[in-house]
Amino acid sequence: MNNPTTPQRLHALDNLRALMMWLGIVLHVAINHLTINSPLPWRDPKTSPVADLLLLFIHSFRMPVFFVLAGFFVALLVARRGAGGMLRNRALRLALPFAIFWPPLFVATTVLAMVYIHLTARGVPGIDPALAPARQPGGSPFNTMHLWFLYQLFWFSVMAWAGVRLQRFVPTRLRETLARSFVTLAERRWGFAVLALPLALVGTFYPSGMVTESGSFLPPLAEWVQSGLFFVVGWYVHGQQERLLALFASRCKGHAVAGLAFLVATVVLLGAFRGNRLQSLPHPEFWIAFVYNATAWLWSLALIGGFVRYLPRQNAVLAYLSQSSYWVYLVHMLGTIGFGILLFNAPLGAVAKMGLNIAATSLVALASYQLLVRHTRLGSLLNGQRAEKRSTRKSTKARVLAAK
């Protein structure tokens, strides 16, 4: 970590992580206007294929990138603070915000969702419990909503802590072979295909070949495997970060083009699958899952490499967006649903409604961050010690040392 380029690369990953959080607004606004079956029980009367493509595209890489970066930063924390220090940090930054924000967000989101469902079903605002989606027998009325990422990531951190504690019982040669295998897959041009295979097997058991997040407090094994593989790769990338991040940067354009090709293949296969034109293809869900997860790996590597190459530093705007991104991630669903309700009967097309919703949700989220969070203890909880305070303290310390 003494290499002078390391801080720049970490800024690049911070920039990327912030962008992925902000893209949640676009993704969840797009869900309001899907022409295909929606994962949520509400829909605006105006729909557009643009929304379908946005959902497919953003969903293909957003959470994979998150988990690769999460694994990287957990490994970084272990290297700097030890396993115990890492777990304390993750408890403070993940578990505590989840415990604080989940109850009020669950209540507020549920109320807004019920109003939107009533609008979808009857054309007027209202709340009717009879319209609530049916639960599986014995299913819980509670779920983690969009906060499932925080919930799952904390448990991955616990698993990482346990793994570090127990690694002395694992033969050194086995640990080195495992690390070398993941690094090899990350650096070889064909590695993405091998990494997509286990995810394709998992996706075979889901409609259209795609693992969907249940939001359950006890997620099925498939969800742990889907997210966990990206987390593990991020963990091992940290061990060879200088070489691998430079390699991803040099290949970012190639990865992006290849990822686009696999995305097009995904669209073609999904269209054929929904049109019942894949009867002659054995296990079509497997092949859809394979090309879709190949897209996920390629675009994850492309974005990581692209940010290392083109956005290695933070300026004032990027720093502000990075600092506000956690808060925006927490509250953005209130905006995407709330403004969706307000725009429901507006005489506008789907794309115009999407643009207005994205802009309004972004502005309100930023305003609430600036007024309610940034200069408060809440901001310190979400972002830790603010960068400007650290810079001020370093500058003061430098002046004191110079005076001596």
# chains A, B, ... in the order shown; residues from 1 in each chain; ligands from 1
$ residues_around --residues "segment 97-100 of chain A" --least-positions-apart "5" --cutoff "12 Å" --atoms "only C-alpha atoms" --output "JSON list (two decimals) with C-alpha atoms, in the first residue's frame"
[["chain", "number", "residue", "atom", "x", "y", "z"],
["A", 89, "ASN", "CA", -15.89, -1.46, 10.84],
["A", 90, "ARG", "CA", -18.48, -3.46, 8.87],
["A", 91, "ALA", "CA", -20.77, -3.67, 11.89],
["A", 92, "LEU", "CA", -20.61, 0.11, 12.25],
["A", 105, "LEU", "CA", -38.00, 2.72, 5.54],
["A", 106, "PHE", "CA", -39.99, -0.51, 5.61],
["A", 144, "THR", "CA", -35.09, -6.49, 3.57],
["A", 145, "MET", "CA", -36.36, -4.53, 0.52],
["A", 146, "HIS", "CA", -33.56, -2.81, -1.40],
["A", 147, "LEU", "CA", -31.44, -2.96, 1.76],
["A", 148, "TRP", "CA", -30.79, -6.64, 1.06],
["A", 149, "PHE", "CA", -27.33, -5.61, -0.18],
["A", 150, "LEU", "CA", -26.34, -4.21, 3.23],
["A", 151, "TYR", "CA", -27.77, -7.25, 4.98],
["A", 152, "GLN", "CA", -26.04, -9.78, 2.75],
["A", 153, "LEU", "CA", -22.76, -7.90, 2.64],
["A", 154, "PHE", "CA", -22.56, -7.81, 6.43],
["A", 326, "TYR", "CA", -24.90, 6.01, 0.78],
["A", 327, "TRP", "CA", -27.75, 8.25, 1.89],
["A", 329, "TYR", "CA", -29.05, 4.51, -1.74],
["A", 330, "LEU", "CA", -30.98, 4.29, 1.53],
["A", 378, "LEU", "CA", -25.80, 10.76, 10.74],
["A", 379, "GLY", "CA", -23.35, 11.79, 8.02],
["A", 380, "SER", "CA", -20.45, 10.63, 10.18],
["A", 381, "LEU", "CA", -22.20, 7.29, 10.72],
["A", 382, "LEU", "CA", -22.73, 6.72, 7.01],
["A", 383, "ASN", "CA", -19.44, 8.08, 5.69],
["A", 384, "GLY", "CA", -17.07, 7.76, 8.62]]
$ closest_atom_pairs --of "segment 105-222 of chain A" --to "segment 266-278 of chain A" --cutoff "12 Å" --atoms "only C-alpha atoms" --output "Markdown table"
| residue | atom | partner | partner_atom | distance |
| --- | --- | --- | --- | --- |
| A:Pro207 | CA | A:Phe273 | CA | 10.2 |
| A:Ser208 | CA | A:Leu270 | CA | 7.0 |
| A:Gly209 | CA | A:Leu270 | CA | 9.2 |
| A:Met210 | CA | A:Leu270 | CA | 10.5 |
$ atom_distance --atom1 "atom CA of Leu298 of chain A" --atom2 "atom CA of Leu229 of chain A"
14.3 Å
$ atom_distance --atom1 "atom CA of Leu303 of chain A" --atom2 "atom CA of Gln241 of chain A"
15.2 Å
$ residues_around --residues "Leu34 of chain A" --least-positions-apart "4" --cutoff "12 Å" --atoms "only C-alpha atoms" --output "PyMOL selection string"
chain A and resi 27-30+38-56+350-351+354
$ write_last_selection --atoms "C-alpha atoms" --output "short mmCIF file (atom, residue, chain, number, x, y, z; two decimals), in the first residue's frame"
data_model
loop_
_atom_site.label_atom_id
_atom_site.label_comp_id
_atom_site.auth_asym_id
_atom_site.auth_seq_id
_atom_site.Cartn_x
_atom_site.Cartn_y
_atom_site.Cartn_z
CA LEU A 27 -33.05 1.16 -12.32
CA HIS A 28 -35.96 1.51 -9.90
CA VAL A 29 -37.61 4.23 -11.99
CA ALA A 30 -37.35 1.98 -15.04
CA SER A 38 -42.40 -6.64 -13.53
CA PRO A 39 -40.66 -7.91 -10.39
CA LEU A 40 -42.80 -5.44 -8.43
CA PRO A 41 -46.63 -5.38 -8.19
CA TRP A 42 -47.16 -1.89 -9.60
CA ARG A 43 -46.85 -0.36 -13.05
CA ASP A 44 -47.36 3.01 -14.69
CA PRO A 45 -49.92 3.03 -17.54
CA LYS A 46 -47.17 4.28 -19.87
CA THR A 47 -44.58 1.63 -20.67
CA SER A 48 -41.56 1.54 -22.95
CA PRO A 49 -38.98 -0.95 -24.25
CA VAL A 50 -36.41 1.65 -23.14
CA ALA A 51 -37.28 0.75 -19.56
CA ASP A 52 -36.82 -2.97 -20.33
CA LEU A 53 -33.37 -2.39 -21.80
CA LEU A 54 -32.30 -0.08 -18.97
CA LEU A 55 -33.32 -2.65 -16.37
CA LEU A 56 -31.56 -5.50 -18.17
CA ALA A 350 -42.99 6.80 -20.49
CA VAL A 351 -39.55 8.20 -21.30
CA MET A 354 -38.81 8.42 -16.35
#
$ atom_distance --atom1 "atom CA of Leu221 of chain A" --atom2 "atom CA of Val202 of chain A"
9.1 Å
$ select_by_dssp --residues "segment 151-314 of chain A" --states "helix (DSSP H, G or I)" --output "PyMOL selection string"
chain A and resi 151-169+172-187+191-203+207-209+221-239+241-250+252-274+284-310
$ residues_around --residues "Ala261 of chain A" --least-positions-apart "6" --cutoff "10 Å" --atoms "only C-alpha atoms" --output "ChimeraX atom specification"
/A:255,291,294-295
$ write_last_selection --atoms "all heavy atoms" --output "PDB file, in the first residue's frame"
ATOM      1  N   HIS A 255     -13.099  -5.379 -22.851  1.00  0.00           N
ATOM      2  CA  HIS A 255     -14.109  -5.977 -21.984  1.00  0.00           C
ATOM      3  C   HIS A 255     -15.480  -5.360 -22.237  1.00  0.00           C
ATOM      4  O   HIS A 255     -16.501  -6.063 -22.252  1.00  0.00           O
ATOM      5  CB  HIS A 255     -13.719  -5.779 -20.515  1.00  0.00           C
ATOM      6  CG  HIS A 255     -12.659  -6.716 -20.042  1.00  0.00           C
ATOM      7  ND1 HIS A 255     -11.715  -6.366 -19.091  1.00  0.00           N
ATOM      8  CD2 HIS A 255     -12.381  -7.997 -20.374  1.00  0.00           C
ATOM      9  CE1 HIS A 255     -10.916  -7.392 -18.863  1.00  0.00           C
ATOM     10  NE2 HIS A 255     -11.298  -8.387 -19.634  1.00  0.00           N
ATOM     11  N   VAL A 291     -24.900 -16.445 -20.822  1.00  0.00           N
ATOM     12  CA  VAL A 291     -24.546 -15.229 -21.553  1.00  0.00           C
ATOM     13  C   VAL A 291     -24.798 -13.994 -20.696  1.00  0.00           C
ATOM     14  O   VAL A 291     -24.054 -12.999 -20.773  1.00  0.00           O
ATOM     15  CB  VAL A 291     -25.307 -15.130 -22.898  1.00  0.00           C
ATOM     16  CG1 VAL A 291     -24.916 -16.260 -23.832  1.00  0.00           C
ATOM     17  CG2 VAL A 291     -26.818 -15.117 -22.696  1.00  0.00           C
ATOM     18  N   ALA A 294     -21.958 -13.840 -18.221  1.00  0.00           N
ATOM     19  CA  ALA A 294     -20.755 -13.428 -18.952  1.00  0.00           C
ATOM     20  C   ALA A 294     -20.757 -11.917 -19.134  1.00  0.00           C
ATOM     21  O   ALA A 294     -19.724 -11.242 -18.978  1.00  0.00           O
ATOM     22  CB  ALA A 294     -20.700 -14.141 -20.304  1.00  0.00           C
ATOM     23  N   THR A 295     -21.940 -11.363 -19.441  1.00  0.00           N
ATOM     24  CA  THR A 295     -22.080  -9.909 -19.524  1.00  0.00           C
ATOM     25  C   THR A 295     -21.707  -9.259 -18.195  1.00  0.00           C
ATOM     26  O   THR A 295     -20.993  -8.246 -18.158  1.00  0.00           O
ATOM     27  CB  THR A 295     -23.539  -9.530 -19.869  1.00  0.00           C
ATOM     28  OG1 THR A 295     -23.922 -10.167 -21.080  1.00  0.00           O
ATOM     29  CG2 THR A 295     -23.690  -8.027 -20.001  1.00  0.00           C
TER      30      THR A 295
END
$ closest_residue --among "A:Ala132, A:Ala83, A:Phe61, A:Cys252" --to "Leu166 of chain A" --atoms "only C-alpha atoms"
A:Ala83
$ closest_residue --among "A:Thr212, A:Thr184, A:Thr336, A:Gln370" --to "Ser60 of chain A" --atoms "only C-alpha atoms"
A:Thr212
$ residues_around --residues "Trp155 of chain A" --least-positions-apart "6" --cutoff "12 Å" --atoms "only C-alpha atoms" --output "list in words"
Ala70, Gly71, Val74, Leu87, Arg90, Ala91, Leu94, Ala95, Trp148, Phe149, Trp161, Ala162, Phe217, Leu218, Pro219, Trp224, Ser227, Gly228 and Phe231 of chain A
$ write_last_selection --atoms "N, CA, C and O atoms" --output "mmCIF file, in the first residue's frame"
data_model
loop_
_atom_site.group_PDB
_atom_site.id
_atom_site.type_symbol
_atom_site.label_atom_id
_atom_site.label_comp_id
_atom_site.auth_asym_id
_atom_site.auth_seq_id
_atom_site.Cartn_x
_atom_site.Cartn_y
_atom_site.Cartn_z
ATOM 1 N N ALA A 70 -16.959 -4.760 -2.868
ATOM 2 C CA ALA A 70 -17.131 -5.086 -1.456
ATOM 3 C C ALA A 70 -16.078 -6.086 -1.001
ATOM 4 O O ALA A 70 -15.470 -5.923 0.066
ATOM 5 N N GLY A 71 -15.848 -7.131 -1.796
ATOM 6 C CA GLY A 71 -14.817 -8.095 -1.447
ATOM 7 C C GLY A 71 -13.444 -7.459 -1.406
ATOM 8 O O GLY A 71 -12.624 -7.760 -0.517
ATOM 9 N N VAL A 74 -13.235 -5.266 1.817
ATOM 10 C CA VAL A 74 -13.156 -6.091 3.027
ATOM 11 C C VAL A 74 -11.744 -6.652 3.178
ATOM 12 O O VAL A 74 -11.173 -6.649 4.276
ATOM 13 N N LEU A 87 -14.273 -6.454 11.021
ATOM 14 C CA LEU A 87 -15.643 -6.782 11.408
ATOM 15 C C LEU A 87 -16.278 -5.646 12.205
ATOM 16 O O LEU A 87 -17.469 -5.343 12.027
ATOM 17 N N ARG A 90 -17.302 -3.060 9.642
ATOM 18 C CA ARG A 90 -18.478 -3.464 8.874
ATOM 19 C C ARG A 90 -19.749 -3.437 9.729
ATOM 20 O O ARG A 90 -20.832 -3.128 9.222
ATOM 21 N N ALA A 91 -19.608 -3.755 11.006
ATOM 22 C CA ALA A 91 -20.772 -3.667 11.890
ATOM 23 C C ALA A 91 -21.243 -2.227 12.014
ATOM 24 O O ALA A 91 -22.444 -1.934 12.003
ATOM 25 N N LEU A 94 -22.362 -1.076 8.185
ATOM 26 C CA LEU A 94 -23.399 -1.850 7.503
ATOM 27 C C LEU A 94 -24.526 -2.268 8.440
ATOM 28 O O LEU A 94 -25.689 -1.958 8.197
ATOM 29 N N ALA A 95 -24.172 -2.996 9.505
ATOM 30 C CA ALA A 95 -25.206 -3.538 10.389
ATOM 31 C C ALA A 95 -25.956 -2.434 11.127
ATOM 32 O O ALA A 95 -27.191 -2.472 11.233
ATOM 33 N N TRP A 148 -31.327 -5.276 1.023
ATOM 34 C CA TRP A 148 -30.793 -6.641 1.061
ATOM 35 C C TRP A 148 -29.287 -6.637 0.838
ATOM 36 O O TRP A 148 -28.580 -7.513 1.355
ATOM 37 N N PHE A 149 -28.770 -5.664 0.083
ATOM 38 C CA PHE A 149 -27.332 -5.607 -0.176
ATOM 39 C C PHE A 149 -26.564 -5.392 1.126
ATOM 40 O O PHE A 149 -25.558 -6.073 1.391
ATOM 41 N N TRP A 161 -14.463 -12.833 8.155
ATOM 42 C CA TRP A 161 -13.823 -12.834 9.478
ATOM 43 C C TRP A 161 -13.568 -14.261 9.958
ATOM 44 O O TRP A 161 -12.475 -14.586 10.419
ATOM 45 N N ALA A 162 -14.594 -15.114 9.820
ATOM 46 C CA ALA A 162 -14.443 -16.507 10.243
ATOM 47 C C ALA A 162 -13.376 -17.213 9.409
ATOM 48 O O ALA A 162 -12.573 -17.993 9.932
ATOM 49 N N PHE A 217 -34.945 -12.480 4.820
ATOM 50 C CA PHE A 217 -33.934 -12.481 5.882
ATOM 51 C C PHE A 217 -33.198 -13.822 5.932
ATOM 52 O O PHE A 217 -32.158 -13.932 6.584
ATOM 53 N N LEU A 218 -33.729 -14.829 5.247
ATOM 54 C CA LEU A 218 -33.052 -16.118 5.088
ATOM 55 C C LEU A 218 -32.994 -16.436 3.595
ATOM 56 O O LEU A 218 -33.739 -17.282 3.094
ATOM 57 N N PRO A 219 -32.124 -15.750 2.852
ATOM 58 C CA PRO A 219 -32.080 -15.934 1.400
ATOM 59 C C PRO A 219 -31.720 -17.374 1.025
ATOM 60 O O PRO A 219 -30.975 -18.045 1.741
ATOM 61 N N TRP A 224 -26.817 -16.520 -2.276
ATOM 62 C CA TRP A 224 -25.485 -16.453 -1.675
ATOM 63 C C TRP A 224 -24.411 -16.799 -2.698
ATOM 64 O O TRP A 224 -23.351 -16.170 -2.739
ATOM 65 N N SER A 227 -24.085 -13.797 -5.444
ATOM 66 C CA SER A 227 -23.350 -12.631 -4.953
ATOM 67 C C SER A 227 -21.970 -13.008 -4.436
ATOM 68 O O SER A 227 -21.003 -12.262 -4.591
ATOM 69 N N GLY A 228 -21.876 -14.188 -3.821
ATOM 70 C CA GLY A 228 -20.646 -14.584 -3.163
ATOM 71 C C GLY A 228 -19.475 -14.768 -4.095
ATOM 72 O O GLY A 228 -18.324 -14.454 -3.731
ATOM 73 N N PHE A 231 -17.971 -11.461 -4.726
ATOM 74 C CA PHE A 231 -17.289 -11.022 -3.508
ATOM 75 C C PHE A 231 -15.925 -11.698 -3.379
ATOM 76 O O PHE A 231 -14.915 -11.040 -3.081
#
$ closest_residue --among "A:Ala346, A:Ala186, A:Val233, A:Leu13" --to "Gly306 of chain A" --atoms "only C-alpha atoms"
A:Leu13
$ decode --residues "segment 360-371 of chain A" --atoms "all heavy atoms" --output "PDB file, in the first residue's frame"
ATOM      1  N   ALA A 360     -36.261  14.387 -10.292  1.00  0.00           N
ATOM      2  CA  ALA A 360     -36.881  14.800  -9.034  1.00  0.00           C
ATOM      3  C   ALA A 360     -36.340  13.997  -7.854  1.00  0.00           C
ATOM      4  O   ALA A 360     -36.015  14.557  -6.802  1.00  0.00           O
ATOM      5  CB  ALA A 360     -38.400  14.633  -9.133  1.00  0.00           C
ATOM      6  N   THR A 361     -36.226  12.684  -8.031  1.00  0.00           N
ATOM      7  CA  THR A 361     -35.700  11.847  -6.950  1.00  0.00           C
ATOM      8  C   THR A 361     -34.265  12.231  -6.626  1.00  0.00           C
ATOM      9  O   THR A 361     -33.878  12.314  -5.445  1.00  0.00           O
ATOM     10  CB  THR A 361     -35.772  10.362  -7.339  1.00  0.00           C
ATOM     11  OG1 THR A 361     -37.135   9.992  -7.582  1.00  0.00           O
ATOM     12  CG2 THR A 361     -35.201   9.477  -6.239  1.00  0.00           C
ATOM     13  N   SER A 362     -33.457  12.492  -7.645  1.00  0.00           N
ATOM     14  CA  SER A 362     -32.054  12.859  -7.430  1.00  0.00           C
ATOM     15  C   SER A 362     -31.948  14.182  -6.680  1.00  0.00           C
ATOM     16  O   SER A 362     -31.166  14.314  -5.735  1.00  0.00           O
ATOM     17  CB  SER A 362     -31.322  12.954  -8.768  1.00  0.00           C
ATOM     18  OG  SER A 362     -31.351  11.714  -9.452  1.00  0.00           O
ATOM     19  N   LEU A 363     -32.738  15.184  -7.112  1.00  0.00           N
ATOM     20  CA  LEU A 363     -32.671  16.501  -6.479  1.00  0.00           C
ATOM     21  C   LEU A 363     -33.127  16.459  -5.023  1.00  0.00           C
ATOM     22  O   LEU A 363     -32.497  17.049  -4.142  1.00  0.00           O
ATOM     23  CB  LEU A 363     -33.506  17.501  -7.271  1.00  0.00           C
ATOM     24  CG  LEU A 363     -32.940  17.911  -8.634  1.00  0.00           C
ATOM     25  CD1 LEU A 363     -33.947  18.759  -9.394  1.00  0.00           C
ATOM     26  CD2 LEU A 363     -31.623  18.669  -8.459  1.00  0.00           C
ATOM     27  N   VAL A 364     -34.225  15.752  -4.762  1.00  0.00           N
ATOM     28  CA  VAL A 364     -34.732  15.672  -3.391  1.00  0.00           C
ATOM     29  C   VAL A 364     -33.753  14.885  -2.510  1.00  0.00           C
ATOM     30  O   VAL A 364     -33.505  15.259  -1.353  1.00  0.00           O
ATOM     31  CB  VAL A 364     -36.130  15.027  -3.368  1.00  0.00           C
ATOM     32  CG1 VAL A 364     -36.567  14.719  -1.937  1.00  0.00           C
ATOM     33  CG2 VAL A 364     -37.143  15.947  -4.041  1.00  0.00           C
ATOM     34  N   ALA A 365     -33.190  13.817  -3.051  1.00  0.00           N
ATOM     35  CA  ALA A 365     -32.227  13.025  -2.274  1.00  0.00           C
ATOM     36  C   ALA A 365     -30.994  13.859  -1.934  1.00  0.00           C
ATOM     37  O   ALA A 365     -30.498  13.821  -0.802  1.00  0.00           O
ATOM     38  CB  ALA A 365     -31.837  11.777  -3.055  1.00  0.00           C
ATOM     39  N   LEU A 366     -30.508  14.624  -2.912  1.00  0.00           N
ATOM     40  CA  LEU A 366     -29.342  15.479  -2.658  1.00  0.00           C
ATOM     41  C   LEU A 366     -29.670  16.587  -1.657  1.00  0.00           C
ATOM     42  O   LEU A 366     -28.872  16.889  -0.761  1.00  0.00           O
ATOM     43  CB  LEU A 366     -28.852  16.097  -3.966  1.00  0.00           C
ATOM     44  CG  LEU A 366     -27.880  15.276  -4.803  1.00  0.00           C
ATOM     45  CD1 LEU A 366     -27.526  16.013  -6.079  1.00  0.00           C
ATOM     46  CD2 LEU A 366     -26.623  14.946  -4.008  1.00  0.00           C
ATOM     47  N   ALA A 367     -30.838  17.196  -1.805  1.00  0.00           N
ATOM     48  CA  ALA A 367     -31.223  18.264  -0.884  1.00  0.00           C
ATOM     49  C   ALA A 367     -31.349  17.734   0.541  1.00  0.00           C
ATOM     50  O   ALA A 367     -30.899  18.372   1.501  1.00  0.00           O
ATOM     51  CB  ALA A 367     -32.543  18.892  -1.333  1.00  0.00           C
ATOM     52  N   SER A 368     -31.948  16.563   0.687  1.00  0.00           N
ATOM     53  CA  SER A 368     -32.098  15.993   2.027  1.00  0.00           C
ATOM     54  C   SER A 368     -30.744  15.623   2.615  1.00  0.00           C
ATOM     55  O   SER A 368     -30.517  15.763   3.822  1.00  0.00           O
ATOM     56  CB  SER A 368     -33.010  14.766   1.984  1.00  0.00           C
ATOM     57  OG  SER A 368     -32.441  13.730   1.190  1.00  0.00           O
ATOM     58  N   TYR A 369     -29.819  15.173   1.759  1.00  0.00           N
ATOM     59  CA  TYR A 369     -28.472  14.873   2.251  1.00  0.00           C
ATOM     60  C   TYR A 369     -27.792  16.141   2.749  1.00  0.00           C
ATOM     61  O   TYR A 369     -27.195  16.167   3.834  1.00  0.00           O
ATOM     62  CB  TYR A 369     -27.632  14.241   1.146  1.00  0.00           C
ATOM     63  CG  TYR A 369     -26.169  14.123   1.512  1.00  0.00           C
ATOM     64  CD1 TYR A 369     -25.738  13.165   2.419  1.00  0.00           C
ATOM     65  CD2 TYR A 369     -25.223  15.002   0.971  1.00  0.00           C
ATOM     66  CE1 TYR A 369     -24.392  13.075   2.778  1.00  0.00           C
ATOM     67  CE2 TYR A 369     -23.884  14.917   1.321  1.00  0.00           C
ATOM     68  CZ  TYR A 369     -23.476  13.953   2.222  1.00  0.00           C
ATOM     69  OH  TYR A 369     -22.153  13.875   2.582  1.00  0.00           O
ATOM     70  N   GLN A 370     -27.873  17.196   1.957  1.00  0.00           N
ATOM     71  CA  GLN A 370     -27.208  18.447   2.316  1.00  0.00           C
ATOM     72  C   GLN A 370     -27.796  19.048   3.594  1.00  0.00           C
ATOM     73  O   GLN A 370     -27.059  19.531   4.469  1.00  0.00           O
ATOM     74  CB  GLN A 370     -27.333  19.442   1.167  1.00  0.00           C
ATOM     75  CG  GLN A 370     -26.681  20.786   1.418  1.00  0.00           C
ATOM     76  CD  GLN A 370     -25.174  20.708   1.551  1.00  0.00           C
ATOM     77  OE1 GLN A 370     -24.544  19.878   0.909  1.00  0.00           O
ATOM     78  NE2 GLN A 370     -24.592  21.560   2.383  1.00  0.00           N
ATOM     79  N   LEU A 371     -29.116  19.016   3.730  1.00  0.00           N
ATOM     80  CA  LEU A 371     -29.772  19.692   4.844  1.00  0.00           C
ATOM     81  C   LEU A 371     -29.859  18.838   6.104  1.00  0.00           C
ATOM     82  O   LEU A 371     -29.797  19.372   7.223  1.00  0.00           O
ATOM     83  CB  LEU A 371     -31.188  20.113   4.419  1.00  0.00           C
ATOM     84  CG  LEU A 371     -31.270  21.125   3.274  1.00  0.00           C
ATOM     85  CD1 LEU A 371     -32.723  21.339   2.862  1.00  0.00           C
ATOM     86  CD2 LEU A 371     -30.631  22.451   3.683  1.00  0.00           C
TER      87      LEU A 371
END
